[in-house]
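Undergrad: The structure under discussion is supplied below as structure tokens; questions concerning it will follow.
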Amino acid sequence: MQNQIDEISLDGGWLCLDFANTVSARKPDRGEEYLQTWDDYVSWVRRLAVIPESEFNNWRTMTPGDMDEVRALREAIFELFDYYVKNGKIHPGHLDTLNGFLHEVYMYTCIKMTENGLQRGIFKKTYVEKPLWLIALSAESLLLSDRLPRVKTCDNCGWLFLDTSKNGTRRWCNMHTCGSQIKAKAWYHRKKEEGNRKENASGSSEATIH
Ligand SMILES: [Zn+2]
């Protein structure tokens with residue numbers, strides 16, 4: 001599914017949200033699965049540059065990990081943020097899976113002096129789980145940041161995105177795809193209603209004549 005992975009819209013604005021958006025839609029039902037195989041996941045990790053190119057080549061030759069684990073983290077991230085958007089608060093039960101990953105992650109992280117100053121990261125050798133750990137850290141950093149209230153779901157497809165618009169009124173993951181679809185639907189319904197009103201109006205005038 002290499003080509004399909006390359007064509008996924010990257011509208012999340014945050015690593016973990018783009019990860020959650022690796023199914024074609026979230027509403028009205030869950031859409032097509034983009035991460036069907038480990039190779040799909042490898043393509044996605046490369047496209048999003050989750051790990052540096054220098055490490056990627058080594059990582060991709062490792063024994064593949066468990067796709068159930070990959071999808072479990074993704075669904076946990078989706079549920080967590082989707083519930084938050086709908087209810088304005090985090091459901092404590094939704095933190096369990098993420099915390100399970102973070103517990104593992106923190107055994108492998110350290111603070112180190114880098115070219116950009118002190119940073120926490122997974123600096124040692126490459127682990128097959130490393131991209132997944134970095135995604136879990138991305139979810140943690142978003143949850144703990146003041147940007148959390150800007151996480152939203154697309155009115156049309158249900159994808160998650162970070163609203164970075166000035167006034168915080170963005171409603172669609174992507175204006176050109178979902179935005180135009182919603183607008184087209186709104187236009188259709190408006191025209192339909194106008195049509196019904198005209199029909200009713202002409203109906204009532206007929207009633208008057210007869
Ligand atoms: Zn959308």
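How things are named: the first chain in the structure tokens is A, the next is B, and so on; residues count from 1 in each chain; ligands count from 1 in the order shown.
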Using only C-alpha atoms and all ligand atoms, determine which residues fall within 8 Å of ligand 1, then list them as a PDB file with C-alpha atoms, in the first residue's frame.
TA:
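And here is the file that came out, selection-v8.pdb:
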```
ATOM      1  CA  ALA A  25     -12.442   8.284   8.116  1.00  0.00           C
ATOM      2  CA  THR A 153     -12.369  16.540  15.133  1.00  0.00           C
ATOM      3  CA  CYS A 154     -13.323  17.191  11.535  1.00  0.00           C
ATOM      4  CA  ASP A 155     -17.034  17.865  11.036  1.00  0.00           C
ATOM      5  CA  ASN A 156     -16.996  15.769   7.906  1.00  0.00           C
ATOM      6  CA  CYS A 157     -14.718  12.761   8.435  1.00  0.00           C
ATOM      7  CA  GLY A 158     -14.022  12.733  12.168  1.00  0.00           C
ATOM      8  CA  TRP A 159     -10.232  12.936  11.804  1.00  0.00           C
ATOM      9  CA  TRP A 172     -12.377  20.606   8.947  1.00  0.00           C
ATOM     10  CA  CYS A 173      -9.227  18.531   8.766  1.00  0.00           C
ATOM     11  CA  ASN A 174      -8.712  19.929   5.296  1.00  0.00           C
ATOM     12  CA  THR A 177     -11.390  17.989   0.818  1.00  0.00           C
ATOM     13  CA  CYS A 178     -13.706  17.879   3.813  1.00  0.00           C
ATOM     14  CA  GLY A 179     -14.466  21.608   3.905  1.00  0.00           C
TER      15      GLY A 179
END
```
Undergrad: Could you give me, as a list in words, each residue of stretch 12-185 of chain A that DSSP assigns to strand (DSSP E or B) when run on this structure's backbone?
TA: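 Matching residues for strand (DSSP E or B) in stretch 12-185 of chain A are Val23, Glu33, Cys110, Ile111, Lys112, Met113, Thr114, Gly117, Leu118, Gln119, Arg120, Gly121, Val151, Lys152, Thr153, Leu160, Phe161 and Leu162 of chain A.
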Undergrad: Can those selected residues be exported to a file as a PDB file, in the first residue's frame so that it contains N, CA, C and O atoms?
TA:
```pdb
ATOM      1  N   VAL A  23      -6.679   5.860   9.308  1.00  0.00           N
ATOM      2  CA  VAL A  23      -7.837   5.193   8.687  1.00  0.00           C
ATOM      3  C   VAL A  23      -8.526   6.296   7.879  1.00  0.00           C
ATOM      4  O   VAL A  23      -8.436   7.473   8.239  1.00  0.00           O
ATOM      5  N   GLU A  33      -8.710   0.936   6.423  1.00  0.00           N
ATOM      6  CA  GLU A  33      -7.475   0.809   7.219  1.00  0.00           C
ATOM      7  C   GLU A  33      -6.260   1.078   6.322  1.00  0.00           C
ATOM      8  O   GLU A  33      -6.059   0.398   5.319  1.00  0.00           O
ATOM      9  N   CYS A 110      16.472   9.229  28.242  1.00  0.00           N
ATOM     10  CA  CYS A 110      17.378   9.922  29.152  1.00  0.00           C
ATOM     11  C   CYS A 110      17.492  11.376  28.688  1.00  0.00           C
ATOM     12  O   CYS A 110      17.079  11.726  27.579  1.00  0.00           O
ATOM     13  N   ILE A 111      18.023  12.194  29.571  1.00  0.00           N
ATOM     14  CA  ILE A 111      18.271  13.590  29.209  1.00  0.00           C
ATOM     15  C   ILE A 111      19.721  13.678  28.756  1.00  0.00           C
ATOM     16  O   ILE A 111      20.625  13.153  29.409  1.00  0.00           O
ATOM     17  N   LYS A 112      19.902  14.349  27.632  1.00  0.00           N
ATOM     18  CA  LYS A 112      21.249  14.382  27.070  1.00  0.00           C
ATOM     19  C   LYS A 112      21.523  15.751  26.470  1.00  0.00           C
ATOM     20  O   LYS A 112      20.603  16.412  25.983  1.00  0.00           O
ATOM     21  N   MET A 113      22.789  16.155  26.488  1.00  0.00           N
ATOM     22  CA  MET A 113      23.161  17.412  25.851  1.00  0.00           C
ATOM     23  C   MET A 113      23.227  17.177  24.344  1.00  0.00           C
ATOM     24  O   MET A 113      23.909  16.271  23.881  1.00  0.00           O
ATOM     25  N   THR A 114      22.488  17.981  23.597  1.00  0.00           N
ATOM     26  CA  THR A 114      22.511  17.864  22.135  1.00  0.00           C
ATOM     27  C   THR A 114      22.925  19.214  21.549  1.00  0.00           C
ATOM     28  O   THR A 114      23.159  20.175  22.293  1.00  0.00           O
ATOM     29  N   GLY A 117      20.807  21.952  22.851  1.00  0.00           N
ATOM     30  CA  GLY A 117      20.687  22.048  24.309  1.00  0.00           C
ATOM     31  C   GLY A 117      20.244  20.732  24.920  1.00  0.00           C
ATOM     32  O   GLY A 117      20.241  19.684  24.254  1.00  0.00           O
ATOM     33  N   LEU A 118      19.843  20.799  26.185  1.00  0.00           N
ATOM     34  CA  LEU A 118      19.425  19.576  26.878  1.00  0.00           C
ATOM     35  C   LEU A 118      18.091  19.078  26.336  1.00  0.00           C
ATOM     36  O   LEU A 118      17.152  19.856  26.191  1.00  0.00           O
ATOM     37  N   GLN A 119      18.019  17.809  26.038  1.00  0.00           N
ATOM     38  CA  GLN A 119      16.765  17.255  25.536  1.00  0.00           C
ATOM     39  C   GLN A 119      16.538  15.868  26.099  1.00  0.00           C
ATOM     40  O   GLN A 119      17.492  15.132  26.355  1.00  0.00           O
ATOM     41  N   ARG A 120      15.244  15.544  26.287  1.00  0.00           N
ATOM     42  CA  ARG A 120      14.905  14.168  26.643  1.00  0.00           C
ATOM     43  C   ARG A 120      14.616  13.417  25.361  1.00  0.00           C
ATOM     44  O   ARG A 120      13.965  13.923  24.458  1.00  0.00           O
ATOM     45  N   GLY A 121      15.117  12.232  25.285  1.00  0.00           N
ATOM     46  CA  GLY A 121      14.832  11.455  24.090  1.00  0.00           C
ATOM     47  C   GLY A 121      15.313  10.030  24.242  1.00  0.00           C
ATOM     48  O   GLY A 121      15.862   9.648  25.275  1.00  0.00           O
ATOM     49  N   VAL A 151      -7.336  20.830  20.176  1.00  0.00           N
ATOM     50  CA  VAL A 151      -7.532  19.569  19.453  1.00  0.00           C
ATOM     51  C   VAL A 151      -9.012  19.475  19.077  1.00  0.00           C
ATOM     52  O   VAL A 151      -9.885  19.719  19.896  1.00  0.00           O
ATOM     53  N   LYS A 152      -9.265  19.139  17.826  1.00  0.00           N
ATOM     54  CA  LYS A 152     -10.645  19.069  17.342  1.00  0.00           C
ATOM     55  C   LYS A 152     -10.830  17.857  16.439  1.00  0.00           C
ATOM     56  O   LYS A 152      -9.853  17.229  16.039  1.00  0.00           O
ATOM     57  N   THR A 153     -12.100  17.588  16.125  1.00  0.00           N
ATOM     58  CA  THR A 153     -12.369  16.540  15.133  1.00  0.00           C
ATOM     59  C   THR A 153     -13.062  17.187  13.936  1.00  0.00           C
ATOM     60  O   THR A 153     -13.845  18.129  14.084  1.00  0.00           O
ATOM     61  N   LEU A 160      -8.817  13.692  13.584  1.00  0.00           N
ATOM     62  CA  LEU A 160      -8.359  14.624  14.616  1.00  0.00           C
ATOM     63  C   LEU A 160      -7.397  15.639  14.015  1.00  0.00           C
ATOM     64  O   LEU A 160      -6.610  15.311  13.119  1.00  0.00           O
ATOM     65  N   PHE A 161      -7.443  16.852  14.498  1.00  0.00           N
ATOM     66  CA  PHE A 161      -6.455  17.849  14.064  1.00  0.00           C
ATOM     67  C   PHE A 161      -6.264  18.892  15.149  1.00  0.00           C
ATOM     68  O   PHE A 161      -7.121  19.077  16.025  1.00  0.00           O
ATOM     69  N   LEU A 162      -5.124  19.550  15.069  1.00  0.00           N
ATOM     70  CA  LEU A 162      -4.828  20.643  15.979  1.00  0.00           C
ATOM     71  C   LEU A 162      -5.182  21.941  15.261  1.00  0.00           C
ATOM     72  O   LEU A 162      -4.641  22.225  14.190  1.00  0.00           O
TER      73      LEU A 162
END
```
Undergrad: Let's see if you can do this: from backbone DSSP, list all helix (DSSP H, G or I) residues in stretch 63-210 of chain A, as a PyMOL selection string.
TA: chain A and resi 67-87+92-107+130-143+148-150+175-209
Undergrad: Stretch 54-71 of chain A: which residues within 7 Å, counting only C-alpha atoms, same-chain residues fewer than 2 positions away excluded, as a PDB file with all heavy atoms, in the first residue's frame?
TA:
```pdb
ATOM      1  N   THR A  37      -0.337  -3.615   6.993  1.00  0.00           N
ATOM      2  CA  THR A  37       0.836  -4.484   7.176  1.00  0.00           C
ATOM      3  C   THR A  37       1.972  -3.685   7.818  1.00  0.00           C
ATOM      4  O   THR A  37       1.942  -2.451   7.871  1.00  0.00           O
ATOM      5  CB  THR A  37       1.353  -5.003   5.815  1.00  0.00           C
ATOM      6  OG1 THR A  37       1.812  -3.860   5.061  1.00  0.00           O
ATOM      7  CG2 THR A  37       0.251  -5.707   5.034  1.00  0.00           C
ATOM      8  N   TRP A  38       2.975  -4.415   8.261  1.00  0.00           N
ATOM      9  CA  TRP A  38       4.154  -3.761   8.833  1.00  0.00           C
ATOM     10  C   TRP A  38       4.817  -2.865   7.784  1.00  0.00           C
ATOM     11  O   TRP A  38       5.310  -1.783   8.093  1.00  0.00           O
ATOM     12  CB  TRP A  38       5.139  -4.819   9.358  1.00  0.00           C
ATOM     13  CG  TRP A  38       6.320  -4.233  10.060  1.00  0.00           C
ATOM     14  CD1 TRP A  38       7.583  -4.069   9.566  1.00  0.00           C
ATOM     15  CD2 TRP A  38       6.352  -3.687  11.397  1.00  0.00           C
ATOM     16  NE1 TRP A  38       8.399  -3.470  10.502  1.00  0.00           N
ATOM     17  CE2 TRP A  38       7.669  -3.237  11.640  1.00  0.00           C
ATOM     18  CE3 TRP A  38       5.403  -3.546  12.405  1.00  0.00           C
ATOM     19  CZ2 TRP A  38       8.056  -2.644  12.845  1.00  0.00           C
ATOM     20  CZ3 TRP A  38       5.787  -2.968  13.605  1.00  0.00           C
ATOM     21  CH2 TRP A  38       7.096  -2.516  13.812  1.00  0.00           C
ATOM     22  N   VAL A  42       5.979   0.930   8.068  1.00  0.00           N
ATOM     23  CA  VAL A  42       7.346   1.375   7.756  1.00  0.00           C
ATOM     24  C   VAL A  42       7.290   2.580   6.809  1.00  0.00           C
ATOM     25  O   VAL A  42       7.988   3.579   7.007  1.00  0.00           O
ATOM     26  CB  VAL A  42       8.174   0.215   7.129  1.00  0.00           C
ATOM     27  CG1 VAL A  42       9.499   0.731   6.571  1.00  0.00           C
ATOM     28  CG2 VAL A  42       8.431  -0.876   8.163  1.00  0.00           C
ATOM     29  N   ILE A  51      11.617   8.818  12.887  1.00  0.00           N
ATOM     30  CA  ILE A  51      13.002   8.681  13.350  1.00  0.00           C
ATOM     31  C   ILE A  51      13.921   9.230  12.255  1.00  0.00           C
ATOM     32  O   ILE A  51      13.546   9.239  11.082  1.00  0.00           O
ATOM     33  CB  ILE A  51      13.373   7.214  13.691  1.00  0.00           C
ATOM     34  CG1 ILE A  51      12.980   6.259  12.557  1.00  0.00           C
ATOM     35  CG2 ILE A  51      12.732   6.777  14.994  1.00  0.00           C
ATOM     36  CD1 ILE A  51      13.390   4.818  12.810  1.00  0.00           C
ATOM     37  N   PRO A  52      15.118   9.682  12.636  1.00  0.00           N
ATOM     38  CA  PRO A  52      16.013  10.273  11.632  1.00  0.00           C
ATOM     39  C   PRO A  52      16.355   9.272  10.525  1.00  0.00           C
ATOM     40  O   PRO A  52      16.415   8.067  10.771  1.00  0.00           O
ATOM     41  CB  PRO A  52      17.272  10.628  12.442  1.00  0.00           C
ATOM     42  CG  PRO A  52      16.854  10.603  13.871  1.00  0.00           C
ATOM     43  CD  PRO A  52      15.698   9.660  13.970  1.00  0.00           C
ATOM     44  N   LEU A  73      -2.142   1.243  20.064  1.00  0.00           N
ATOM     45  CA  LEU A  73      -1.762   2.591  20.495  1.00  0.00           C
ATOM     46  C   LEU A  73      -2.543   3.629  19.696  1.00  0.00           C
ATOM     47  O   LEU A  73      -3.041   4.620  20.243  1.00  0.00           O
ATOM     48  CB  LEU A  73      -0.251   2.822  20.329  1.00  0.00           C
ATOM     49  CG  LEU A  73       0.201   4.239  20.708  1.00  0.00           C
ATOM     50  CD1 LEU A  73      -0.074   4.542  22.183  1.00  0.00           C
ATOM     51  CD2 LEU A  73       1.683   4.459  20.410  1.00  0.00           C
ATOM     52  N   ARG A  74      -2.683   3.389  18.408  1.00  0.00           N
ATOM     53  CA  ARG A  74      -3.403   4.350  17.568  1.00  0.00           C
ATOM     54  C   ARG A  74      -4.846   4.521  18.036  1.00  0.00           C
ATOM     55  O   ARG A  74      -5.331   5.650  18.171  1.00  0.00           O
ATOM     56  CB  ARG A  74      -3.393   3.882  16.113  1.00  0.00           C
ATOM     57  CG  ARG A  74      -4.096   4.874  15.190  1.00  0.00           C
ATOM     58  CD  ARG A  74      -4.293   4.319  13.813  1.00  0.00           C
ATOM     59  NE  ARG A  74      -5.193   3.177  13.823  1.00  0.00           N
ATOM     60  CZ  ARG A  74      -5.429   2.411  12.758  1.00  0.00           C
ATOM     61  NH1 ARG A  74      -4.828   2.646  11.614  1.00  0.00           N
ATOM     62  NH2 ARG A  74      -6.272   1.388  12.839  1.00  0.00           N
ATOM     63  N   GLU A  75      -5.512   3.405  18.288  1.00  0.00           N
ATOM     64  CA  GLU A  75      -6.917   3.501  18.705  1.00  0.00           C
ATOM     65  C   GLU A  75      -7.039   4.135  20.087  1.00  0.00           C
ATOM     66  O   GLU A  75      -7.997   4.864  20.364  1.00  0.00           O
ATOM     67  CB  GLU A  75      -7.574   2.117  18.673  1.00  0.00           C
ATOM     68  CG  GLU A  75      -7.703   1.548  17.265  1.00  0.00           C
ATOM     69  CD  GLU A  75      -8.298   2.540  16.270  1.00  0.00           C
ATOM     70  OE1 GLU A  75      -9.454   2.939  16.443  1.00  0.00           O
ATOM     71  OE2 GLU A  75      -7.585   2.949  15.328  1.00  0.00           O
ATOM     72  N   THR A 126      18.905   1.707  18.176  1.00  0.00           N
ATOM     73  CA  THR A 126      17.566   1.624  17.613  1.00  0.00           C
ATOM     74  C   THR A 126      16.818   0.419  18.172  1.00  0.00           C
ATOM     75  O   THR A 126      17.351  -0.679  18.230  1.00  0.00           O
ATOM     76  CB  THR A 126      17.669   1.488  16.081  1.00  0.00           C
ATOM     77  OG1 THR A 126      18.409   2.582  15.605  1.00  0.00           O
ATOM     78  CG2 THR A 126      16.302   1.488  15.440  1.00  0.00           C
ATOM     79  N   VAL A 128      13.057  -1.657  17.821  1.00  0.00           N
ATOM     80  CA  VAL A 128      11.970  -1.786  16.847  1.00  0.00           C
ATOM     81  C   VAL A 128      10.752  -0.970  17.290  1.00  0.00           C
ATOM     82  O   VAL A 128       9.985  -0.464  16.473  1.00  0.00           O
ATOM     83  CB  VAL A 128      11.631  -3.279  16.592  1.00  0.00           C
ATOM     84  CG1 VAL A 128      10.913  -3.896  17.806  1.00  0.00           C
ATOM     85  CG2 VAL A 128      10.785  -3.434  15.336  1.00  0.00           C
ATOM     86  N   LEU A 132       7.063   3.896  17.737  1.00  0.00           N
ATOM     87  CA  LEU A 132       5.836   3.839  18.536  1.00  0.00           C
ATOM     88  C   LEU A 132       6.029   4.598  19.853  1.00  0.00           C
ATOM     89  O   LEU A 132       5.119   5.306  20.311  1.00  0.00           O
ATOM     90  CB  LEU A 132       5.494   2.373  18.815  1.00  0.00           C
ATOM     91  CG  LEU A 132       4.024   1.980  18.838  1.00  0.00           C
ATOM     92  CD1 LEU A 132       3.294   2.467  17.612  1.00  0.00           C
ATOM     93  CD2 LEU A 132       3.885   0.478  18.981  1.00  0.00           C
TER      94      LEU A 132
END
```
Undergrad: How many Å separate atom CA of A:Gly12 from atom CA of A:Thr164?
TA: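 Interatomic distance here is 10.4 Å.
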Undergrad: Which residues are close to A:Asp18, i.e. within 9 Å by only C-alpha atoms, leaving aside same-chain residues fewer than 2 positions away? Reply as a list in words.
TA: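 Close residues of A:Asp18: Ser9, Leu10, Asp11, Gly12, Gly13, Trp14, Leu15, Cys16, Ala20, Asn21, Thr22, Leu48, Trp159, Leu160 and Phe161 of chain A.
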Undergrad: Go ahead and write the selection's residues with all heavy atoms as a tab-separated table (two decimals), in the first residue's frame.
TA:
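Output below, filename result22.tsv:
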```tsv
chain	number	residue	atom	x	y	z
A	9	SER	N	-3.53	12.43	3.55
A	9	SER	CA	-3.40	13.84	3.92
A	9	SER	C	-2.81	13.94	5.32
A	9	SER	O	-3.23	13.21	6.21
A	9	SER	CB	-4.77	14.52	3.94
A	9	SER	OG	-5.33	14.49	2.67
A	10	LEU	N	-1.87	14.84	5.47
A	10	LEU	CA	-1.26	15.03	6.79
A	10	LEU	C	-1.82	16.32	7.38
A	10	LEU	O	-1.22	17.38	7.30
A	10	LEU	CB	0.27	15.09	6.67
A	10	LEU	CG	0.90	13.83	6.06
A	10	LEU	CD1	2.40	14.01	5.90
A	10	LEU	CD2	0.60	12.58	6.89
A	11	ASP	N	-3.00	16.22	7.95
A	11	ASP	CA	-3.72	17.40	8.42
A	11	ASP	C	-3.77	17.50	9.94
A	11	ASP	O	-4.37	18.43	10.48
A	11	ASP	CB	-5.16	17.39	7.89
A	11	ASP	CG	-5.20	17.41	6.37
A	11	ASP	OD1	-4.50	18.25	5.78
A	11	ASP	OD2	-5.92	16.59	5.77
A	12	GLY	N	-3.19	16.51	10.63
A	12	GLY	CA	-3.31	16.46	12.08
A	12	GLY	C	-2.60	17.61	12.78
A	12	GLY	O	-3.07	18.12	13.79
A	13	GLY	N	-1.44	17.99	12.26
A	13	GLY	CA	-0.68	19.09	12.88
A	13	GLY	C	0.12	18.67	14.10
A	13	GLY	O	0.76	19.49	14.75
A	14	TRP	N	0.07	17.40	14.44
A	14	TRP	CA	0.84	16.87	15.58
A	14	TRP	C	1.04	15.39	15.28
A	14	TRP	O	0.10	14.73	14.80
A	14	TRP	CB	0.04	17.05	16.88
A	14	TRP	CG	0.88	17.07	18.13
A	14	TRP	CD1	1.24	15.98	18.87
A	14	TRP	CD2	1.44	18.21	18.79
A	14	TRP	NE1	1.99	16.39	19.95
A	14	TRP	CE2	2.13	17.75	19.92
A	14	TRP	CE3	1.43	19.58	18.53
A	14	TRP	CZ2	2.80	18.59	20.80
A	14	TRP	CZ3	2.11	20.43	19.39
A	14	TRP	CH2	2.78	19.94	20.51
A	15	LEU	N	2.22	14.88	15.57
A	15	LEU	CA	2.55	13.50	15.16
A	15	LEU	C	1.48	12.49	15.58
A	15	LEU	O	1.00	11.70	14.76
A	15	LEU	CB	3.91	13.10	15.74
A	15	LEU	CG	4.35	11.67	15.44
A	15	LEU	CD1	4.54	11.44	13.95
A	15	LEU	CD2	5.65	11.35	16.18
A	16	CYS	N	1.10	12.51	16.86
A	16	CYS	CA	0.15	11.48	17.33
A	16	CYS	C	-1.22	11.62	16.66
A	16	CYS	O	-1.94	10.63	16.52
A	16	CYS	CB	0.03	11.51	18.85
A	16	CYS	SG	-0.80	12.97	19.48
A	20	ALA	N	-3.26	8.89	14.44
A	20	ALA	CA	-4.66	8.49	14.63
A	20	ALA	C	-5.43	8.55	13.32
A	20	ALA	O	-6.42	7.84	13.14
A	20	ALA	CB	-5.33	9.39	15.67
A	21	ASN	N	-4.97	9.39	12.40
A	21	ASN	CA	-5.66	9.58	11.11
A	21	ASN	C	-5.18	8.61	10.04
A	21	ASN	O	-5.15	8.94	8.86
A	21	ASN	CB	-5.47	11.01	10.62
A	21	ASN	CG	-6.10	12.04	11.54
A	21	ASN	OD1	-6.94	11.69	12.36
A	21	ASN	ND2	-5.71	13.29	11.39
A	22	THR	N	-4.77	7.42	10.44
A	22	THR	CA	-4.34	6.44	9.43
A	22	THR	C	-5.45	5.44	9.10
A	22	THR	O	-5.20	4.31	8.70
A	22	THR	CB	-3.04	5.70	9.86
A	22	THR	OG1	-3.23	5.18	11.19
A	22	THR	CG2	-1.85	6.62	9.83
A	48	LEU	N	6.63	10.33	7.66
A	48	LEU	CA	6.49	11.32	8.74
A	48	LEU	C	7.85	11.63	9.39
A	48	LEU	O	7.90	12.45	10.31
A	48	LEU	CB	5.53	10.80	9.81
A	48	LEU	CG	4.03	10.99	9.60
A	48	LEU	CD1	3.62	12.42	9.90
A	48	LEU	CD2	3.54	10.60	8.24
A	159	TRP	N	-11.67	12.94	11.53
A	159	TRP	CA	-10.23	12.94	11.80
A	159	TRP	C	-9.90	13.97	12.89
A	159	TRP	O	-10.60	14.99	13.01
A	159	TRP	CB	-9.46	13.31	10.54
A	159	TRP	CG	-9.05	12.15	9.69
A	159	TRP	CD1	-9.51	10.86	9.74
A	159	TRP	CD2	-8.08	12.19	8.62
A	159	TRP	NE1	-8.89	10.11	8.78
A	159	TRP	CE2	-8.02	10.89	8.09
A	159	TRP	CE3	-7.28	13.20	8.08
A	159	TRP	CZ2	-7.17	10.56	7.03
A	159	TRP	CZ3	-6.44	12.88	7.02
A	159	TRP	CH2	-6.38	11.58	6.50
A	160	LEU	N	-8.82	13.69	13.58
A	160	LEU	CA	-8.36	14.62	14.62
A	160	LEU	C	-7.40	15.64	14.01
A	160	LEU	O	-6.61	15.31	13.12
A	160	LEU	CB	-7.63	13.85	15.72
A	160	LEU	CG	-8.49	12.97	16.63
A	160	LEU	CD1	-7.61	11.99	17.39
A	160	LEU	CD2	-9.28	13.83	17.61
A	161	PHE	N	-7.44	16.85	14.50
A	161	PHE	CA	-6.46	17.85	14.06
A	161	PHE	C	-6.26	18.89	15.15
A	161	PHE	O	-7.12	19.08	16.03
A	161	PHE	CB	-6.87	18.52	12.74
A	161	PHE	CG	-8.13	19.33	12.83
A	161	PHE	CD1	-8.08	20.68	13.18
A	161	PHE	CD2	-9.37	18.77	12.55
A	161	PHE	CE1	-9.24	21.44	13.25
A	161	PHE	CE2	-10.53	19.52	12.62
A	161	PHE	CZ	-10.47	20.86	12.97
```
Undergrad: Counting only C-alpha atoms, which of A:Tyr83, A:Ile77, A:Glu115, A:Tyr34 gets nearest to A:Leu98?
TA: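 Comparing A:Tyr83, A:Ile77, A:Glu115, A:Tyr34 against A:Leu98, the winner is A:Ile77.
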Undergrad: Report as a PyMOL selection string all protein, DNA and RNA residues lying within 12 Å of A:Leu80, evaluated on only C-alpha atoms, omitting residues in the same chain fewer than 4 positions from it.
TA: chain A and resi 16-17+20+73-76+84-99+139-140+142-143+148+151-152+160
